[in-house]
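Please read the structure below before turning to the comments.
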Amino acid sequence: MKHQVKLGIVASTVLAFATPGLAQTVFVSTQLRPIEEATIVRQDLLKDVGKVDYVVEEPPQFAVRMEAERQAGKHTVSLVGALHGELSPLADKDQLEPLDDLAKKLAGAGMPQSVLDLGKLGKPNQQYIPWMQATYVMAAKKEALQWLPKGADVNALTYDELIAWGKAMQDATGQPQIGFPAGPKGLMARYFQGYFYPSFTGGVVRTFKTADAAAGWEKLKALWAYVSPNSTNYDFMQEPLAAGEVMVAWDHIARLKNAVSAAPDDYVVFPAPAGPKGRGYMPVIAGLAIPKGAPDKEGATKIIESFSTQKVQLLTASKVGFFPTLNVQLPPDLNKGVALLAGAVTRTQNAKDAVISLLPVGLGDKGGEFNKVYMDTFQLVVLQKQPVADVLAKQGAVMAKLMADTKAPCWAPDAKSDGACPVQ
Amino acid sequence: MTQNRPWTPYLLILPSVAFLALLFIVPLVQTLWLAVSSDGSPSLDNMQRMVADINFTNSLRNTFLLTLAVVPVQIAIALAMGTMVSKVGTGRETILWIWTIPLGISDLAAGLVWLSILQNTGYFNTILFSLGLIERQTGWLSYQTPVALFFAIAVAEIWRGTAIVMVIIVAGLNQVPKEFKEAAEIFGAGPWTRFRKITLPLIRPALQSALILRTVLAFEVFAVVYALGGRNFPVLVGEAYNWQNQNQNYGVAAAYAVLIMIISLSATLIYLKALKVDPERLP
């Protein structure tokens, strides 16, 4: 009797570990992680594609999990949904199934070729299918508009006007009212790569230490006098905005959405400011990819196809505020907050002086260190007030080495390069 | 019994030794190798990158300063608490229970508790404002207020980590025989002399354990600092975390981990030497 009980325990333990729900397609995503959003994915977006196990994973854990599955050779994940930059290291290690057939089909269905091409990650084959997109905008409390400098158009701000606005707000309220997400989990590095550098220098890597860049950093130092010192603790600007700690903020639309959606009548949302070289902006792309060795490729393909239909893409936009990668019109009955954000995105893309900055391609798993160069420069120049020229010379060398190591060619807005992107 | 079968004790500790070897020594060796190799061959690249990093000196200094500030205060408070509670009769258990509450809270939760007190819209500012001491929100945790930030982190760490020291010291105090103190009292020793000449020497093993534990943990401080200071107050473990998770350079992260281990081991050795315990008094 005792023996049988023991056997039973052993058998059930073995079974519990040996059958990880084989019937379901495992879909691991670094996007749409908060419980409300994940529920929308499970209940609404994945409704038509059968049994899918939607698992969310923080980006660092995602990288570790994929690497572990690669090294172990035992694959459980059939579909991954992640940002361009998070998929890049996987493509670099040749871990993703080529999706050229699917890409051809989607090009016919109205996905712009320029968007699809980002999914090649600089390789000959399609590595991921663009899933949804977003970008960064600025949001301000309407009461802040009273201090906007005379003659300035909030939808066509320049850096000088933003500085004057910041000063006026600080003089009136006694406190700095501009905020940036420069905290440990904030997306400040993207501000430098997609907004600051393109606006001031017309480049990202080539122009890293030029005279234009130095002038830009001086301007940022001037702006920073009116930026809340708590910015280095802010991760999601919707929180300080909603709490009334700042009135004006720059961030990813998904990280402004809660504040704006909760009180759409209190906010204006508008494009980031322009510098001497134009109004830099960076589209954010999340993609869907199938890892090599995926246990259920067919199920994964079915999900990608479903997610690339107009119906699901529009549903995604209205429910979670990420915009379609297909070329479609957003419905007029959009949630008011999402509509505000969408308006700012359209005005950014259509701005006469817009300078598009693409996501880094070819950095492999050095994306984090690439971000670090910008954040270190920021820390040294703006926070520690070290001489701009010295810092740019030193960090420029770090950047040059990084580019040489990864052999990444230049991407827009930098001029094309043969071989590794040079730092001029 | 054990004399007949001398291998019994070894057999009994074998599972734990095997467990540690598998889950501790193997990853340790892997980490060491990760730290001193690059692309599969021995190299000091990771170490050099670590030392050249803009946050390295700051994180090293901050970690040591924090340890130096926090550990002595914790030991002093714990000694005071332990001595006080030993005089209490009824209600002793309840007092001990309340004092050990911070022990049951995770470090990150403790950090968040203090964040809710000290952030701009936190309780501390609310109280200062209602007393008329400040006119508007004041930041205590920003890069512009490094002293206040250090003080805040130190207070949070002291609040969180004193309980474990106290538990060890109370256990040590319980073992001090009453007769010694009574005898000393009869010979006219005052309370301070009794504490210095009898209590302190007798609780030396407990003190040693408490010091080692707290110092090692202080060198590994992370979650509280992360919650309160973020990037504004780099510490060694925080940098290891950044290199691992944000920069995704496992080599430099491993170099930090090895450095932390070396510091912790040296601190332990120093305590073992400096606070020599009579082998007969070891448990």
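Ligands are numbered from 1 in the order shown, chains are lettered A, B, ... in the order of the structure tokens, and residues start at 1 in each chain.
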- Task: Can you check which residues of chain A have any atom within 10 Å of chain B? Use only C-alpha atoms and format it as a PyMOL selection string.
- Result: chain A and resi 59-61+63-64+173-175+182-185+228-235+240+243-245+365-372+376-377+379-380+383-384
- So which residues of region 132-183 of chain B fall under alpha helix (DSSP H) by DSSP, listed as a PyMOL selection string? chain B and resi 146-174+178-183
- Any idea what's packed within 9 Å of Leu340 (chain A), counting only C-alpha atoms, ignoring anything in its chain fewer than 4 positions away? Could you give it as a ChimeraX atom specification? /A:260-261,264,267-270,335-336,344-345
- Interatomic distance (Å, one decimal) between CA of Lys123 (chain A) and CA of Ala103 (chain A):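 These two atoms are separated by 13.9 Å.
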- Near region 109-113 of chain B, counting only C-alpha atoms, which residues have an atom at most 6 Å away, once you skip same-chain residues fewer than 2 positions from it, shown as a list in words? Ser106, Asp107, Leu115, Ser116, Val224 and Ala227 of chain B
- Computed gap from CA of Asp405 (chain A) to CA of Phe192 (chain A) is 21.6 Å
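Residues lying within 12 Å of Pro332 (chain A), counting only C-alpha atoms and ignoring same-chain neighbours fewer than 2 positions away, are Leu314, Ala317, Ser318, Gln329, Leu330, Leu334, Asn335, Lys336, Val338, Ala339, Leu340, Ala342 and Gly343 of chain A.
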- Taking into account only C-alpha atoms, which residue in the set A:Ala400, A:Ala420, A:Leu220, A:Ala259 is nearest to Phe200 (chain A)?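 Nearest to Phe200 (chain A): A:Leu220.
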- Message: Can you pull out the residues contacting Leu28 (chain B)? Cut-off 10 Å, using only C-alpha atoms, and skip same-chain residues under 6 positions away; I want them as an MDAnalysis selection string.
- Response: chainID B and resid 21:22 34 254 257:258 261
Dump of C-alpha atoms for the selected residues, as a PDB file, in the first residue's frame:
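File produced: selection-v6.pdb:
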```pdb
ATOM      1  CA  ALA B  21      27.736  22.165  -4.792  1.00  0.00           C
ATOM      2  CA  LEU B  22      25.218  21.849  -7.576  1.00  0.00           C
ATOM      3  CA  LEU B  34      32.366  34.802 -17.250  1.00  0.00           C
ATOM      4  CA  ALA B 254      29.841  38.975 -13.618  1.00  0.00           C
ATOM      5  CA  ALA B 257      29.452  40.066  -8.903  1.00  0.00           C
ATOM      6  CA  VAL B 258      32.977  38.762  -8.358  1.00  0.00           C
ATOM      7  CA  MET B 261      32.033  38.500  -3.459  1.00  0.00           C
TER       8      MET B 261
END
```
- Using only C-alpha atoms, which of A:Tyr226, A:Trp147, A:Tyr374, A:Phe322 sits nearest Leu187 (chain A)?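 Between A:Tyr226, A:Trp147, A:Tyr374, A:Phe322, the residue approaching Leu187 (chain A) most closely is A:Tyr374.
From CA of Ala408 (chain A) back to CA of Gln424 (chain A), the distance works out to 15.2 Å.
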